[in-house]
Amino acid sequence: MMIEVTDLVVAYGAATALDRVTLSVAEGEMVALLGPNGAGKSTLAGALAGLLRPASGTVTVGGRLALIPEGRQLFPDLSVADNLALGGWRSGVRDPSAVYDVLPRLAELADRRAGVLSGGEQQMVAFGRALMSRPDVLVVDELSLGLAPNVTAGLARHLAELNRSRGLAVLLIEQNARLAFELCRRAYVLESGRLVTEGESAALAGDPRVAGAYLGGAIT
Amino acid sequence: MSAFLTYLLNGLAVGCAIALIASGLVVIHRVTGVVNFAQGTFAVVAGLCASSLLGLGLPHGASELAAVLAAAVAGLLTGLAAVGRPGTTPLSSLIVTLGVGVLAYAVEIVLWGDQPRSALGLAGSVTVAGARIQTQHLLVIVVTAVAFVALALFFGRTYLGKALTACASNPYAARVVGIDVRRMGLLAFALGGLLGGLAGVLVTPMRPISFDTDVTLIVNGFAAAVFGALTRPVITLGGALLLGVAETMAAGYGYGSHQLEIALGLMLVVMIVQAGRHPAISQEPT
Amino acid sequence: SGGSGSGGGGGDPIKVGLIVSLTGNYTPLGSEDKKAVELAVEQVNAAGGLLGRKVELVTRDDKTAPDQGIVAYNQIKGDIDALIGPVFSNAALAVEPLAQRDRMPYLSLAPAQEQVEPIKSYVFVTPALSSMYAERYLQYIQAEGIKTIAVAWDSKSAYSVSGHQAMTALAGKYGVTIAVDEPYETTNSDFSALFQHVRDSRAEALVFWGSGAPGVTAAKQYVASGLKTPLFLTASQASKLWLEPMGAAAEGMTVQSAIGVIGEHLPAGKQKQVIEQMAGPYRQKHGYPPPQFAQDGYSASLLLFEAIRKANSTDKEKVRQALESMDLVTPNGRFRYSATDHSGLSPEYISVNTVKNGAFVPTPWAAEQLAKTVGALG
Amino acid sequence: MIVRRALGPLAAAAVTLALPAVLDDSALAVYVLLGLAAMVTVGVSLLMGYAGQVSLGQGAFYGLGAYTAALLALNGLPPLLGLLAAPVAAAAFALVVGLPLLRLRGHHLAFATLAMQLILLSLAGQLEFTGGDIGLQAIPPFSAWSFEAGGVTAYAYLTWAGLALVMLVTRNVIASRPGRALRALATSETAAASSGIPVGRYKLAVLALSAAFAGLAGGIYCFYTGYVAPGSFPVLISIQYIVMAVVGGLGTIWGAVAGAAAITLLVQGLDQLANLPGMPSYAPGVLSYAVYALVLIAVVLFLPNGLVPAIRRLLSRERPVKTR
Amino acid sequence: MLAVQGVSRSFGGVYAVRDVTLDVADGEVCAVIGPNGAGKSTLFNLITGHLAAERGAISFLGRRVDRLAPHRRARLGMSIVFQAARVFRGMTVRENVMVGLHGSTSAGFVAAALRLPRHRRDEREIAARADAALERVGLADWADRPADRLPIGQQRALQLARALCARPRLLLLDEPASGLRGQERERLAELVEELRADGLTILLVEHDVAFVTRLADRIVVLDLGRVIADGPPAEVRNDPLVLAAYLGQSA
Ligand SMILES: Nc1ncnc2c1ncn2[C@@H]1O[C@H](COP(=O)(O)OP(=O)(O)OP(=O)(O)O)[C@@H](O)[C@H]1O
Ligand SMILES: Nc1ncnc2c1ncn2[C@@H]1O[C@H](COP(=O)(O)OP(=O)(O)OP(=O)(O)O)[C@@H](O)[C@H]1O
Ligand SMILES: [Mg+2]
Ligand SMILES: [Mg+2]
């Protein structure tokens, strides 16, 4: 298992954000995590990356984990190139040219301070920075946020490609449930800190409750 | 003309001494986001150590080296108090460094007493293009130049330098990519202590040092460091030189009793003019 | 409130208040004052006390802040029979009106002229005022045949501001012209401009007013500057705190001092004896000769003790009267307070020295003058 | 609920009124200075804790108020006029210097205010009419109509009346439209501006208000001590106010008062202790410095939100507390 | 209603917005789309006054506004929901929204400090209007929570309530749907439709093409700071330039 979470409880002060959550992601698997605003998805992502301490339960990660955090979380005072290079802190990768191949726009912006980039450009940097660590498992807290449709499509394709070629495992939190279902074979649904459903994407997409809440009728 | 050159050269030396204090402030703030009010203390500790060691008969060079190392240790200890505890906000850390500075008074009084001390430095003076400058001043200029080139290269060019910078730029993100923010903070404080110590051993021969000299030292250093936004070594050096030269020129051309007003005022004007160029929107997250 | 006025009655000790800076900027001064006053109290108690009673010291810290001086005074005023006061002029001036209001005999350790102009009946000053130092230097300068001088002064220090003022006012009287009049700030760390201006002038001597760090900084840079015009330093530099950092570079420089500093060069007599009465034990206890501030504190103590003895009581009005008719030789020289003079000293008790072999030695002129002054005391 | 809310302030008012009557002169001197420090600190807390603007020069406004009142009184104007002029002058000065200085943010603003104080002190120490380094002496005691403040008790009441006024004004301001605007611009000047808040003008206004508080304290100070000098307003005093605000709890009015009280009493307590007979000669320095520093560090590290929020949490465990 | 004429802005020599001309009619919902970094947010900042235009003119309600400070433009009736959620820390949700009414009320420091009657009246009215706005975006239950702890989605709703309660004439929405899930997105779309029905003029930036197509009367496409297409949704969606620069194969 790449990610193994058992009975995880995480609290902010008195408020419990995750309540006995158990889930797993196998090697080479792409799994989606759905849920409404405030369900605790980002909290789970933070706990996986070791940024939040669990109140109880266990989190085990079976390889190098990289996180694309909520809110991008770049180094605003550093250049795009330096942001990417620091993504390689754990892996020792310093040269961002592989990322530039995936996201050519970043090559143009290499010397720009990350703090002044547009929202979407920042999202690209966050994605590229996570790739720099050559992860075995990638936790993506929102992939398409602020990205133009053609960029989103490109990144989704790239994730699928990495999954195929290098066996990259992915836990994907994504606002666009359709995209998530397309990309991931399996999905979990989190509501108010509890796992409410899990299953094959195809089955979930067919479930009227899930479809109503996350596929959102006419839109998307 | 040679009068002007005298003022200029000596002003540069004064500015360099200020810059050395400021450099430690910059290093620590750049990495931890903390304004280290104990920075003057590092210089005082080193100055007092050096004067004691020299007094014990240790040769020059060895004494100063030991003193600088002592300051680095002081820096590390300050760091442990200020950023050693996870979750300490920069404002809390700032107050802790204030506290450390005051605590150091007590330690210094016990070890060295409350009377000022001095150390002997390089004697004599050198004449450059008709202008005289003390040898010790020249030494300060050289050391400062080396220190700042090293700092600029370290932060601007090296990977470790960038990782250190990243820690203050966004500590959360630093943890996301796996940087140990706490350890980097301690490293920065030790480095800050080292630079403060360097300033201390170089300044002691020029002026007596007592336990509370840190206040005088930090005011100018703070001015220069803020000028460089507390993050940029080269601009900080520029600010320090501006201060130093403004002071000597003011004294040279008949405003000796208004040096402070002139130097600080000038600095304020430059800052305010620059601030006008940065709209608020570009300082907030996109 | 109000003290235990009626003296005599054996048992209970005489309480002397001491407020000095024990923290903050003036700590180096205040702590020396404290050591000296403690020494004086020890000595007087060893000799059986005053009026048959022990003397007890009640010490408070003014933290080098005027308002803390007031807090300190309020804390002890009900307890004490007399006060030896702050060395920091601002704190001394803050305490002064309270002491005057409470009719508290008050010997100030601060040299500010304002304390005795106008005279407040209960307020007396012990250190020599800077105007006296100024006048003494002018006498020396005249005697040396110098006509033109340069004066540098710290525009942030009351001591040096009023010294400079007195010098400017009195220069004419001694036939001296001031060619360079150069203010600087306490925090100044570079004096090349001053030396440049002196070099460009006709000045035959440079008188440097300042205390603390600038005294050392300027003197060191003076040596490096290669300036030939002789440098005259004031009494703030007459201590090991200046001598030690200067090292050999100080040789031959001219430095003023209170008479106590050069006690060993005085002819035997009352003055020398009283200086040694303090200097010996002080050196023994603390390992170095008493600096100027210590002598001020010790002199203040002697003055107060003598006043209580003369008043034969700790009644505050009687002590005040005794002070006002005081004539006493102290390490600072002979004090003669009167209803019109609450500073008591005169310039004759100031020495002008040169540094020889790392020590202050009176110049021939000063040696001669002092011999005359001291000789008159017997 | 309302009764419970009013209980705290009522109790505080009762204690405030009772204390001057029972304390002796020596304790009252501390009480007065504590009240004055609290007055300035409330302003610092308003400026820093609510509006997010750092001033390292609050001591300058304190001094400005003191000098203003002193100069007016020394020139024969009624002390009451001097006392009223003190906050006005401080606020007016804040408006003038704030115009350029408030274009700066964060550390730049902190430095600029510090520099302002250094420059003012330097000028006060050199100008003729401010009495130079020696300062202004023989300031008459405070009087209004037929009342003349004779002893410390009168100043204690005056100070704490002033403090009550300052706290009331602050409370009213923060819980209202301008107060919300201040808290908003502390987070985001752009979002605040987009809500129609004239950011620059509000920053000026809050600086002026906090300066007025400091000025009022300075006015009382000058009559109380009868003496003002540059040495009364060192730069360290401005830093002390920030320490007080942080220790008490930024962004709460009571925190400012608690912080001022805690620090003042700690300092005085240590001073008394250090000067007890039998203490070694280095005790004053070492105790005042070391113990003070250790307590300060411990409080900041272990109660990062300050004393008042910590006490509140203790008192009302059951209710969730709103902290920042 | 809004007329942007030949407006440009560069950063360090690179144009983020270049010679953009744009007219928005009263009651219109106009969407601005374009690749990342095309200059959409910059254009919004120019319109609201957070950035100064280097060239060109901006008029609002027939009046030149390009020299006015942001808060003055806000008071004329412009409200913006920023791309990054900017909630005010240390304040409750209700207080956050009450700030939005700053421009339409007037009690100042003196009135507040003295608790004048006018100030109390103002406060009552502000609170009532804030609650109405919270109701409208579905945040009524959250009114007393500290705002900075809200999940992202609620923070965006909060921003919208803050913008709405000022009763603006022109509402600028910068990616209002980002971070919202299906159902929430649907609710937002309905709200925008309601607002349009109320006669509000809306300028909208959004990368969700379906969302935009459903709501917008007209779409303007920016690329590299320039307008490359302007027209009704159906037309713009099939514009080859737009397909190439923005929509890619996913459209
Ligand atoms: N720092 C914090 N302090 C207190 N509560 C928090 C904090 N961060 C999040 N929460 C609360 O924890 C819960 C889960 O939040 P989380 O951010 O994990 O949700 P999410 O599923 O990621 O939502 P979204 O879809 O909006 O990103 C929410 O109720 C939120 O209010
Ligand atoms: N303050 C600034 N300094 C330098 N460059 C900037 C600044 N602000 C914006 N830019 C640049 O201007 C360009 C336009 O940015 P803008 O934020 O307007 O894009 P956008 O169209 O909103 O993109 P997105 O869809 O990603 O939000 C970007 O390339 C950005 O990097
Ligand atoms: Mg989330
Ligand atoms: Mg944008």
# chains A, B, ... in the order shown; residues from 1 in each chain; ligands from 1
call {"tool": "select_by_dssp", "arguments": {"residues": "segment 55-211 of chain E", "states": "helix (DSSP H, G or I)", "output": "tab-separated table (two decimals) with N, CA and C atoms, in the first residue's frame"}}
result
chain	number	residue	atom	x	y	z
E	70	PRO	N	-9.65	53.45	-5.18
E	70	PRO	CA	-10.56	52.30	-5.17
E	70	PRO	C	-11.81	52.51	-4.32
E	71	HIS	N	-11.63	53.13	-3.15
E	71	HIS	CA	-12.82	53.23	-2.28
E	71	HIS	C	-13.85	54.20	-2.86
E	72	ARG	N	-13.38	55.16	-3.66
E	72	ARG	CA	-14.33	56.08	-4.30
E	72	ARG	C	-15.12	55.35	-5.38
E	73	ARG	N	-14.41	54.52	-6.12
E	73	ARG	CA	-15.11	53.76	-7.16
E	73	ARG	C	-16.12	52.82	-6.51
E	74	ALA	N	-15.71	52.24	-5.37
E	74	ALA	CA	-16.63	51.34	-4.66
E	74	ALA	C	-17.89	52.10	-4.27
E	75	ARG	N	-17.70	53.33	-3.82
E	75	ARG	CA	-18.85	54.11	-3.37
E	75	ARG	C	-19.76	54.51	-4.53
E	76	LEU	N	-19.17	54.55	-5.74
E	76	LEU	CA	-20.01	54.85	-6.90
E	76	LEU	C	-20.86	53.65	-7.29
E	93	VAL	N	-18.22	36.21	10.70
E	93	VAL	CA	-18.78	36.25	9.34
E	93	VAL	C	-19.67	37.49	9.18
E	94	ARG	N	-20.52	37.73	10.19
E	94	ARG	CA	-21.42	38.88	10.06
E	94	ARG	C	-20.64	40.19	9.99
E	95	GLU	N	-19.65	40.31	10.86
E	95	GLU	CA	-18.84	41.55	10.85
E	95	GLU	C	-18.16	41.74	9.51
E	96	ASN	N	-17.67	40.65	8.95
E	96	ASN	CA	-17.06	40.73	7.64
E	96	ASN	C	-18.01	41.35	6.63
E	97	VAL	N	-19.24	40.88	6.66
E	97	VAL	CA	-20.21	41.38	5.69
E	97	VAL	C	-20.57	42.84	6.01
E	98	MET	N	-20.63	43.15	7.30
E	98	MET	CA	-20.96	44.52	7.68
E	98	MET	C	-19.94	45.51	7.12
E	99	VAL	N	-18.68	45.05	7.01
E	99	VAL	CA	-17.66	45.93	6.43
E	99	VAL	C	-18.06	46.35	5.01
E	102	HIS	N	-19.63	49.65	4.41
E	102	HIS	CA	-18.93	50.86	4.85
E	102	HIS	C	-19.24	52.05	3.97
E	103	GLY	N	-19.17	51.80	2.66
E	103	GLY	CA	-19.33	52.91	1.73
E	103	GLY	C	-20.72	53.52	1.73
E	104	SER	N	-21.72	52.76	2.17
E	104	SER	CA	-23.07	53.32	2.09
E	104	SER	C	-23.57	53.82	3.43
E	109	PHE	N	-15.50	58.23	13.44
E	109	PHE	CA	-14.90	57.99	14.74
E	109	PHE	C	-15.63	58.71	15.87
E	110	VAL	N	-15.93	59.97	15.62
E	110	VAL	CA	-16.53	60.76	16.69
E	110	VAL	C	-17.90	60.21	17.05
E	111	ALA	N	-18.69	59.94	16.04
E	111	ALA	CA	-20.03	59.40	16.29
E	111	ALA	C	-19.94	58.08	17.04
E	112	ALA	N	-18.97	57.26	16.64
E	112	ALA	CA	-18.83	55.97	17.28
E	112	ALA	C	-18.35	56.11	18.72
E	113	ALA	N	-17.33	56.95	18.90
E	113	ALA	CA	-16.75	57.09	20.24
E	113	ALA	C	-17.80	57.62	21.21
E	114	LEU	N	-18.67	58.50	20.73
E	114	LEU	CA	-19.68	59.10	21.61
E	114	LEU	C	-21.00	58.36	21.59
E	117	PRO	N	-26.79	58.98	18.49
E	117	PRO	CA	-27.97	58.27	17.99
E	117	PRO	C	-27.82	57.86	16.52
E	118	ARG	N	-27.22	58.75	15.73
E	118	ARG	CA	-27.09	58.45	14.33
E	118	ARG	C	-26.28	57.17	14.14
E	119	HIS	N	-25.25	57.04	14.97
E	119	HIS	CA	-24.40	55.88	14.87
E	119	HIS	C	-25.17	54.61	15.21
E	120	ARG	N	-26.01	54.68	16.24
E	120	ARG	CA	-26.78	53.49	16.62
E	120	ARG	C	-27.75	53.09	15.53
E	121	ARG	N	-28.36	54.12	14.93
E	121	ARG	CA	-29.30	53.83	13.86
E	121	ARG	C	-28.58	53.13	12.73
E	122	ASP	N	-27.43	53.70	12.38
E	122	ASP	CA	-26.59	53.12	11.34
E	122	ASP	C	-26.29	51.66	11.64
E	123	GLU	N	-25.84	51.42	12.86
E	123	GLU	CA	-25.43	50.07	13.24
E	123	GLU	C	-26.58	49.08	13.07
E	124	ARG	N	-27.77	49.50	13.49
E	124	ARG	CA	-28.92	48.59	13.37
E	124	ARG	C	-29.19	48.27	11.92
E	125	GLU	N	-29.14	49.29	11.12
E	125	GLU	CA	-29.43	49.08	9.71
E	125	GLU	C	-28.35	48.21	9.05
E	126	ILE	N	-27.10	48.48	9.41
E	126	ILE	CA	-26.00	47.70	8.83
E	126	ILE	C	-26.16	46.22	9.17
E	127	ALA	N	-26.47	45.95	10.43
E	127	ALA	CA	-26.59	44.55	10.85
E	127	ALA	C	-27.74	43.88	10.10
E	128	ALA	N	-28.83	44.58	9.94
E	128	ALA	CA	-29.99	44.00	9.26
E	128	ALA	C	-29.66	43.68	7.81
E	129	ARG	N	-28.99	44.63	7.17
E	129	ARG	CA	-28.67	44.39	5.75
E	129	ARG	C	-27.64	43.28	5.60
E	130	ALA	N	-26.70	43.21	6.53
E	130	ALA	CA	-25.70	42.15	6.46
E	130	ALA	C	-26.37	40.79	6.60
E	131	ASP	N	-27.32	40.70	7.54
E	131	ASP	CA	-28.00	39.43	7.73
E	131	ASP	C	-28.78	39.03	6.48
E	132	ALA	N	-29.38	40.02	5.84
E	132	ALA	CA	-30.13	39.72	4.61
E	132	ALA	C	-29.19	39.17	3.55
E	133	ALA	N	-28.02	39.78	3.44
E	133	ALA	CA	-27.06	39.32	2.43
E	133	ALA	C	-26.58	37.91	2.74
E	134	LEU	N	-26.35	37.63	4.02
E	134	LEU	CA	-25.90	36.29	4.42
E	134	LEU	C	-26.96	35.26	4.08
E	135	GLU	N	-28.20	35.62	4.33
E	135	GLU	CA	-29.33	34.76	4.00
E	135	GLU	C	-29.30	34.42	2.52
E	136	ARG	N	-29.06	35.44	1.76
E	136	ARG	CA	-29.12	35.29	0.31
E	136	ARG	C	-28.08	34.30	-0.21
E	137	VAL	N	-26.86	34.33	0.35
E	137	VAL	CA	-25.82	33.40	-0.14
E	137	VAL	C	-25.81	32.11	0.66
E	140	ALA	N	-26.43	32.14	6.51
E	140	ALA	CA	-27.07	32.67	7.72
E	140	ALA	C	-26.68	31.89	8.97
E	141	ASP	N	-26.52	30.57	8.82
E	141	ASP	CA	-26.20	29.76	10.00
E	141	ASP	C	-24.78	29.98	10.51
E	142	TRP	N	-23.96	30.58	9.69
E	142	TRP	CA	-22.54	30.72	10.02
E	142	TRP	C	-22.22	32.10	10.58
E	147	ALA	N	-14.52	34.21	10.77
E	147	ALA	CA	-14.56	34.06	9.32
E	147	ALA	C	-13.35	33.33	8.75
E	148	ASP	N	-12.18	33.53	9.37
E	148	ASP	CA	-10.99	32.96	8.75
E	148	ASP	C	-10.89	31.45	8.92
E	149	ARG	N	-11.81	30.85	9.68
E	149	ARG	CA	-11.77	29.40	9.81
E	149	ARG	C	-12.74	28.70	8.86
E	152	ILE	N	-12.92	26.96	2.28
E	152	ILE	CA	-12.76	27.86	1.15
E	152	ILE	C	-14.09	28.24	0.49
E	153	GLY	N	-14.93	27.27	0.29
E	153	GLY	CA	-16.19	27.53	-0.41
E	153	GLY	C	-17.02	28.58	0.30
E	154	GLN	N	-17.12	28.44	1.60
E	154	GLN	CA	-17.88	29.41	2.38
E	154	GLN	C	-17.22	30.78	2.37
E	155	GLN	N	-15.88	30.78	2.34
E	155	GLN	CA	-15.19	32.07	2.30
E	155	GLN	C	-15.56	32.84	1.02
E	156	ARG	N	-15.72	32.06	-0.06
E	156	ARG	CA	-16.09	32.72	-1.32
E	156	ARG	C	-17.51	33.26	-1.23
E	157	ALA	N	-18.37	32.48	-0.64
E	157	ALA	CA	-19.76	32.93	-0.47
E	157	ALA	C	-19.79	34.19	0.39
E	158	LEU	N	-18.94	34.18	1.39
E	158	LEU	CA	-18.86	35.33	2.29
E	158	LEU	C	-18.45	36.58	1.52
E	159	GLN	N	-17.46	36.43	0.66
E	159	GLN	CA	-17.02	37.56	-0.14
E	159	GLN	C	-18.15	38.10	-0.99
E	160	LEU	N	-18.92	37.16	-1.51
E	160	LEU	CA	-20.03	37.56	-2.37
E	160	LEU	C	-21.06	38.33	-1.56
E	161	ALA	N	-21.36	37.85	-0.36
E	161	ALA	CA	-22.32	38.55	0.49
E	161	ALA	C	-21.81	39.95	0.80
E	162	ARG	N	-20.53	40.06	1.08
E	162	ARG	CA	-19.93	41.36	1.39
E	162	ARG	C	-20.07	42.32	0.22
E	163	ALA	N	-19.85	41.77	-0.99
E	163	ALA	CA	-19.96	42.62	-2.17
E	163	ALA	C	-21.42	43.01	-2.41
E	164	LEU	N	-22.31	42.06	-2.19
E	164	LEU	CA	-23.71	42.31	-2.51
E	164	LEU	C	-24.39	43.30	-1.59
E	165	CYS	N	-24.03	43.26	-0.30
E	165	CYS	CA	-24.81	44.05	0.63
E	165	CYS	C	-24.61	45.54	0.41
E	182	GLY	N	-20.22	20.58	-7.44
E	182	GLY	CA	-21.40	20.57	-8.29
E	182	GLY	C	-22.59	21.33	-7.74
E	183	GLN	N	-23.05	20.92	-6.57
E	183	GLN	CA	-24.26	21.51	-6.03
E	183	GLN	C	-24.08	22.99	-5.70
E	184	GLU	N	-22.91	23.27	-5.12
E	184	GLU	CA	-22.63	24.64	-4.71
E	184	GLU	C	-22.52	25.55	-5.94
E	185	ARG	N	-21.92	24.99	-6.98
E	185	ARG	CA	-21.78	25.69	-8.23
E	185	ARG	C	-23.16	26.03	-8.80
E	186	GLU	N	-24.03	25.09	-8.69
E	186	GLU	CA	-25.39	25.25	-9.19
E	186	GLU	C	-26.08	26.40	-8.42
E	187	ARG	N	-25.90	26.39	-7.10
E	187	ARG	CA	-26.53	27.42	-6.29
E	187	ARG	C	-25.98	28.79	-6.68
E	188	LEU	N	-24.66	28.86	-6.91
E	188	LEU	CA	-24.06	30.14	-7.31
E	188	LEU	C	-24.64	30.61	-8.64
E	189	ALA	N	-24.77	29.66	-9.57
E	189	ALA	CA	-25.31	30.04	-10.87
E	189	ALA	C	-26.72	30.61	-10.73
E	190	GLU	N	-27.48	29.97	-9.87
E	190	GLU	CA	-28.85	30.46	-9.66
E	190	GLU	C	-28.85	31.86	-9.07
E	191	LEU	N	-27.93	32.07	-8.15
E	191	LEU	CA	-27.84	33.38	-7.52
E	191	LEU	C	-27.49	34.45	-8.56
E	192	VAL	N	-26.54	34.12	-9.43
E	192	VAL	CA	-26.16	35.09	-10.45
E	192	VAL	C	-27.35	35.40	-11.36
E	193	GLU	N	-28.10	34.38	-11.66
E	193	GLU	CA	-29.29	34.61	-12.51
E	193	GLU	C	-30.28	35.53	-11.81
E	194	GLU	N	-30.45	35.29	-10.51
E	194	GLU	CA	-31.34	36.15	-9.74
E	194	GLU	C	-30.88	37.60	-9.79
E	195	LEU	N	-29.58	37.76	-9.62
E	195	LEU	CA	-29.01	39.11	-9.58
E	195	LEU	C	-29.22	39.81	-10.92
E	196	ARG	N	-29.05	39.03	-11.97
E	196	ARG	CA	-29.27	39.62	-13.28
E	196	ARG	C	-30.73	40.05	-13.41
E	197	ALA	N	-31.59	39.19	-12.91
E	197	ALA	CA	-33.01	39.52	-12.96
E	197	ALA	C	-33.30	40.80	-12.18
E	209	VAL	N	-16.24	26.76	-18.53
E	209	VAL	CA	-16.87	27.26	-19.75
E	209	VAL	C	-18.39	27.03	-19.74
E	210	ALA	N	-18.81	25.89	-19.19
E	210	ALA	CA	-20.25	25.60	-19.15
E	210	ALA	C	-20.95	26.66	-18.30
E	211	PHE	N	-20.35	26.96	-17.18
E	211	PHE	CA	-20.88	27.96	-16.26
E	211	PHE	C	-21.03	29.30	-16.98
call {"tool": "residues_around", "arguments": {"residues": "Pro13 of chain C", "least_positions_apart": "2", "cutoff": "10 Å", "atoms": "only C-alpha atoms", "output": "VMD selection string"}}
result
chain C and resid 9 to 11 15 to 16 49 to 57 81
call {"tool": "write_last_selection", "arguments": {"atoms": "C-alpha atoms", "output": "tab-separated table (two decimals), in the first residue's frame"}}
result
chain	number	residue	atom	x	y	z
C	9	GLY	CA	17.99	58.63	71.63
C	10	GLY	CA	20.58	55.87	71.04
C	11	GLY	CA	19.16	52.77	69.39
C	15	LYS	CA	18.84	56.31	57.65
C	16	VAL	CA	20.42	57.74	54.53
C	49	GLY	CA	28.57	55.75	63.98
C	50	LEU	CA	27.06	59.22	64.11
C	51	LEU	CA	25.70	60.77	67.27
C	52	GLY	CA	26.13	57.35	68.76
C	53	ARG	CA	23.77	55.82	66.24
C	54	LYS	CA	24.50	53.50	63.39
C	55	VAL	CA	24.12	54.77	59.83
C	56	GLU	CA	21.99	52.68	57.55
C	57	LEU	CA	21.74	52.99	53.82
C	81	ASP	CA	16.68	61.35	57.25
call {"tool": "closest_atom_pairs", "arguments": {"of": "chain C", "to": "chain B", "cutoff": "8 Å", "atoms": "only C-alpha atoms", "output": "JSON lines"}}
result
{"residue": "C:Gly24", "atom": "CA", "partner": "B:Asp212", "partner_atom": "CA", "distance": 7.5}
{"residue": "C:Asn25", "atom": "CA", "partner": "B:Asp212", "partner_atom": "CA", "distance": 7.0}
{"residue": "C:Thr27", "atom": "CA", "partner": "B:Asp114", "partner_atom": "CA", "distance": 6.7}
{"residue": "C:Pro28", "atom": "CA", "partner": "B:Gln115", "partner_atom": "CA", "distance": 5.1}
{"residue": "C:Ser31", "atom": "CA", "partner": "B:Asp114", "partner_atom": "CA", "distance": 7.9}
{"residue": "C:Asp154", "atom": "CA", "partner": "B:Ser257", "partner_atom": "CA", "distance": 7.8}
{"residue": "C:Ser155", "atom": "CA", "partner": "B:Ser257", "partner_atom": "CA", "distance": 5.8}
{"residue": "C:Glu182", "atom": "CA", "partner": "B:Gly256", "partner_atom": "CA", "distance": 6.9}
{"residue": "C:Pro183", "atom": "CA", "partner": "B:Ser257", "partner_atom": "CA", "distance": 5.2}
{"residue": "C:Tyr184", "atom": "CA", "partner": "B:Gly256", "partner_atom": "CA", "distance": 4.7}
{"residue": "C:Glu185", "atom": "CA", "partner": "B:Ser257", "partner_atom": "CA", "distance": 5.6}
{"residue": "C:Thr187", "atom": "CA", "partner": "B:Thr216", "partner_atom": "CA", "distance": 7.2}
{"residue": "C:Ser189", "atom": "CA", "partner": "B:Val14", "partner_atom": "CA", "distance": 7.0}
{"residue": "C:Asp190", "atom": "CA", "partner": "B:Asn10", "partner_atom": "CA", "distance": 7.0}
{"residue": "C:Ser192", "atom": "CA", "partner": "B:Tyr7", "partner_atom": "CA", "distance": 6.7}
{"residue": "C:Ala193", "atom": "CA", "partner": "B:Gly252", "partner_atom": "CA", "distance": 4.5}
{"residue": "C:Leu194", "atom": "CA", "partner": "B:Gly252", "partner_atom": "CA", "distance": 7.2}
{"residue": "C:Gln196", "atom": "CA", "partner": "B:Ala3", "partner_atom": "CA", "distance": 6.7}
{"residue": "C:His197", "atom": "CA", "partner": "B:Gly252", "partner_atom": "CA", "distance": 7.8}
{"residue": "C:Ala213", "atom": "CA", "partner": "B:Pro208", "partner_atom": "CA", "distance": 5.6}
{"residue": "C:Pro214", "atom": "CA", "partner": "B:Arg207", "partner_atom": "CA", "distance": 7.5}
{"residue": "C:Val216", "atom": "CA", "partner": "B:Arg207", "partner_atom": "CA", "distance": 6.5}
{"residue": "C:Thr217", "atom": "CA", "partner": "B:Arg207", "partner_atom": "CA", "distance": 5.1}
{"residue": "C:Lys220", "atom": "CA", "partner": "B:Met206", "partner_atom": "CA", "distance": 7.5}
{"residue": "C:Gln221", "atom": "CA", "partner": "B:Gln134", "partner_atom": "CA", "distance": 7.4}
{"residue": "C:Val223", "atom": "CA", "partner": "B:Gly124", "partner_atom": "CA", "distance": 7.6}
{"residue": "C:Ala224", "atom": "CA", "partner": "B:Gly124", "partner_atom": "CA", "distance": 5.1}
{"residue": "C:Ser225", "atom": "CA", "partner": "B:Arg132", "partner_atom": "CA", "distance": 6.6}
{"residue": "C:Leu241", "atom": "CA", "partner": "B:Pro116", "partner_atom": "CA", "distance": 6.9}
{"residue": "C:Glu244", "atom": "CA", "partner": "B:Ser118", "partner_atom": "CA", "distance": 7.7}
{"residue": "C:Pro245", "atom": "CA", "partner": "B:Ser118", "partner_atom": "CA", "distance": 5.1}
